[in-house]
Amino acid sequence: MYGFKILSILLFLNIALFGNTSITKVKYEGGISLFGKVAEASVELKQDKIKHTYKIILTAFSTGIVKTLTSNRKDIFISEGDIKDGRYIPNMFTRIIRKNDYLEKTTYIFDYKKNKILKKTYTKEFIDDSSYDIIKMQRISKKKLVKSNEEKYLKLYPNDYLSMYLNLSAGKLKFGEVKYIDEKDSNKVVLLDEKSFEVIKHDGDEIYHINIIKDNSIFFDKAIAVDIAFYGDAYIKKISEKVIN
């Protein structure tokens, strides 16, 4: 009888914690014609069906020779906010860059009432602080930790990098130029149709045409960027997808 009571409590907790939440986990790999596979990524999307909120986390890291060339770089993107009429509306976006001896964390906080975004950037880096010991006639190797904090306000645009993709997949973006947070004046993204867009950088000196292949899932099966300079085509393809309702 006591064991049945414990089981009932555990079952209730499971329903309370997960019954209202949909979780989708996806794994991708990325590559370039010249190098082959160069990166891996994992995505986790949590959607609360009652509160109408979402949180999506993308973790990407380089592999192979590119891992060495990029100092073991890892990028983490986190977007969280509300879902209204099928549209993903971010309240906070976080980007974390990790490399050897380096960390950068940038947080964007959306203020829709004041029509602006607070950008907060924190960096931590170990830099070379070596010296030469004249008496011992040798170089003394050591590193110094340097930290910095910066805050500033930006003009508000209704999408971050991840919510922009979610809204594209949900059919909530209009064709033409799509504005997003902290966009450089020399760059822009242009949505051509439901499955293709252009990324324009440095006032048109670099233009990437990207095609998306997808089925009924919110996450694409494959994205292809044609002719990336002399590196060839670049691609991202889905390896696996798991949905927990």
# chains A, B, ... in the order shown; residues from 1 in each chain; ligands from 1
call {"tool": "select_by_dssp", "arguments": {"residues": "segment 171-231 of chain A", "states": "strand (DSSP E or B)", "output": "ChimeraX atom specification"}}
result
/A:176-178,188-193,196-201,206-213,222-225
call {"tool": "write_last_selection", "arguments": {"atoms": "N, CA and C atoms", "output": "compact mmCIF listing (two decimals), in the first residue's frame"}}
result
# COMPACT_ATOMS: atom_id res chain seq x y z
N GLY A 176 11.37 39.36 -47.93
CA GLY A 176 12.15 40.59 -47.98
C GLY A 176 13.15 40.63 -46.85
N GLU A 177 13.65 41.81 -46.53
CA GLU A 177 14.68 41.94 -45.49
C GLU A 177 14.09 41.65 -44.11
N VAL A 178 14.81 40.84 -43.35
CA VAL A 178 14.41 40.48 -42.00
C VAL A 178 15.37 41.13 -41.01
N LYS A 188 22.85 42.19 -43.95
CA LYS A 188 21.40 42.01 -43.89
C LYS A 188 21.02 40.61 -44.34
N VAL A 189 19.84 40.20 -43.90
CA VAL A 189 19.27 38.91 -44.28
C VAL A 189 18.01 39.17 -45.07
N VAL A 190 17.90 38.52 -46.23
CA VAL A 190 16.74 38.71 -47.11
C VAL A 190 16.06 37.37 -47.32
N LEU A 191 14.80 37.27 -46.92
CA LEU A 191 14.02 36.06 -47.11
C LEU A 191 13.42 36.08 -48.51
N LEU A 192 13.83 35.10 -49.35
CA LEU A 192 13.38 35.05 -50.73
C LEU A 192 12.05 34.32 -50.87
N ASP A 193 11.92 33.21 -50.18
CA ASP A 193 10.67 32.45 -50.13
C ASP A 193 10.71 31.57 -48.89
N SER A 196 14.27 29.56 -48.86
CA SER A 196 15.57 30.11 -49.27
C SER A 196 15.71 31.57 -48.84
N PHE A 197 16.94 31.94 -48.51
CA PHE A 197 17.21 33.33 -48.15
C PHE A 197 18.66 33.66 -48.48
N GLU A 198 18.97 34.94 -48.46
CA GLU A 198 20.31 35.41 -48.74
C GLU A 198 20.89 36.10 -47.51
N VAL A 199 22.16 35.86 -47.26
CA VAL A 199 22.89 36.57 -46.23
C VAL A 199 23.88 37.49 -46.95
N ILE A 200 23.73 38.79 -46.75
CA ILE A 200 24.56 39.78 -47.43
C ILE A 200 25.46 40.45 -46.40
N LYS A 201 26.78 40.40 -46.65
CA LYS A 201 27.74 40.95 -45.70
C LYS A 201 28.63 41.98 -46.37
N GLU A 206 30.11 40.16 -49.93
CA GLU A 206 29.88 38.73 -49.75
C GLU A 206 28.38 38.47 -49.73
N ILE A 207 27.92 37.57 -50.59
CA ILE A 207 26.51 37.21 -50.65
C ILE A 207 26.41 35.68 -50.63
N TYR A 208 25.67 35.15 -49.66
CA TYR A 208 25.50 33.71 -49.54
C TYR A 208 24.03 33.37 -49.76
N HIS A 209 23.79 32.48 -50.70
CA HIS A 209 22.43 32.01 -50.97
C HIS A 209 22.24 30.68 -50.26
N ILE A 210 21.25 30.61 -49.39
CA ILE A 210 21.05 29.42 -48.55
C ILE A 210 19.70 28.81 -48.85
N ASN A 211 19.71 27.50 -49.15
CA ASN A 211 18.49 26.74 -49.41
C ASN A 211 18.22 25.81 -48.24
N ILE A 212 16.95 25.71 -47.85
CA ILE A 212 16.56 24.86 -46.73
C ILE A 212 15.67 23.72 -47.23
N ILE A 213 15.99 22.51 -46.79
CA ILE A 213 15.18 21.33 -47.11
C ILE A 213 14.56 20.84 -45.81
N LYS A 222 18.10 19.79 -43.89
CA LYS A 222 19.39 20.18 -44.44
C LYS A 222 19.34 21.63 -44.91
N ALA A 223 20.45 22.34 -44.71
CA ALA A 223 20.60 23.69 -45.24
C ALA A 223 21.91 23.73 -46.01
N ILE A 224 21.86 24.32 -47.20
CA ILE A 224 23.03 24.35 -48.07
C ILE A 224 23.33 25.79 -48.48
N ALA A 225 24.57 26.20 -48.27
CA ALA A 225 25.05 27.50 -48.74
C ALA A 225 25.99 27.24 -49.91
call {"tool": "residues_around", "arguments": {"residues": "Asn167 of chain A", "least_positions_apart": "3", "cutoff": "12 Å", "atoms": "only C-alpha atoms", "output": "ChimeraX atom specification"}}
result
/A:83-90,158-164,170-174,178,180,191,194,218-219
call {"tool": "residues_around", "arguments": {"residues": "Met92 of chain A", "least_positions_apart": "5", "cutoff": "8 Å", "atoms": "only C-alpha atoms", "output": "JSON, numbers by chain"}}
result
{"A": [79, 80, 81, 107, 108, 109, 110]}
call {"tool": "write_last_selection", "arguments": {"atoms": "N, CA and C atoms", "output": "JSON list (two decimals), in the first residue's frame"}}
result
[["chain", "number", "residue", "atom", "x", "y", "z"],
["A", 79, "SER", "N", 17.71, 31.35, -26.52],
["A", 79, "SER", "CA", 16.61, 32.30, -26.72],
["A", 79, "SER", "C", 15.42, 31.82, -25.91],
["A", 80, "GLU", "N", 14.82, 32.74, -25.16],
["A", 80, "GLU", "CA", 13.64, 32.38, -24.38],
["A", 80, "GLU", "C", 12.64, 33.53, -24.38],
["A", 81, "GLY", "N", 11.36, 33.15, -24.42],
["A", 81, "GLY", "CA", 10.33, 34.18, -24.49],
["A", 81, "GLY", "C", 8.95, 33.59, -24.56],
["A", 107, "THR", "N", 24.46, 39.14, -23.29],
["A", 107, "THR", "CA", 23.04, 38.96, -22.99],
["A", 107, "THR", "C", 22.26, 40.16, -23.52],
["A", 108, "TYR", "N", 21.17, 39.85, -24.23],
["A", 108, "TYR", "CA", 20.28, 40.88, -24.76],
["A", 108, "TYR", "C", 18.94, 40.77, -24.04],
["A", 109, "ILE", "N", 18.52, 41.85, -23.39],
["A", 109, "ILE", "CA", 17.24, 41.87, -22.68],
["A", 109, "ILE", "C", 16.28, 42.79, -23.42],
["A", 110, "PHE", "N", 15.16, 42.24, -23.85],
["A", 110, "PHE", "CA", 14.19, 42.97, -24.67],
["A", 110, "PHE", "C", 13.24, 43.78, -23.79]]
call {"tool": "residues_around", "arguments": {"residues": "Lys67 of chain A", "least_positions_apart": "6", "cutoff": "10 Å", "atoms": "only C-alpha atoms", "output": "ChimeraX atom specification"}}
result
/A:38-39,61,73-74,99
call {"tool": "atom_distance", "arguments": {"atom1": "atom CA of Glu151 of chain A", "atom2": "atom CA of Ile117 of chain A"}}
result
10.4 Å
call {"tool": "residues_around", "arguments": {"residues": "Asn216 of chain A", "least_positions_apart": "4", "cutoff": "12 Å", "atoms": "only C-alpha atoms", "output": "PyMOL selection string"}}
result
chain A and resi 169-170+220-221
call {"tool": "write_last_selection", "arguments": {"atoms": "N, CA and C atoms", "output": "mmCIF file, in the first residue's frame"}}
result
data_model
loop_
_atom_site.group_PDB
_atom_site.id
_atom_site.type_symbol
_atom_site.label_atom_id
_atom_site.label_comp_id
_atom_site.auth_asym_id
_atom_site.auth_seq_id
_atom_site.Cartn_x
_atom_site.Cartn_y
_atom_site.Cartn_z
ATOM 1 N N SER A 169 10.357 29.019 -39.759
ATOM 2 C CA SER A 169 9.785 27.684 -39.866
ATOM 3 C C SER A 169 8.286 27.690 -39.596
ATOM 4 N N ALA A 170 7.829 28.616 -38.728
ATOM 5 C CA ALA A 170 6.402 28.708 -38.399
ATOM 6 C C ALA A 170 5.629 29.534 -39.417
ATOM 7 N N PHE A 220 14.806 22.017 -39.805
ATOM 8 C CA PHE A 220 15.100 21.607 -41.178
ATOM 9 C C PHE A 220 15.932 20.332 -41.213
ATOM 10 N N ASP A 221 15.839 19.610 -42.337
ATOM 11 C CA ASP A 221 16.640 18.410 -42.543
ATOM 12 C C ASP A 221 18.037 18.753 -43.042
#
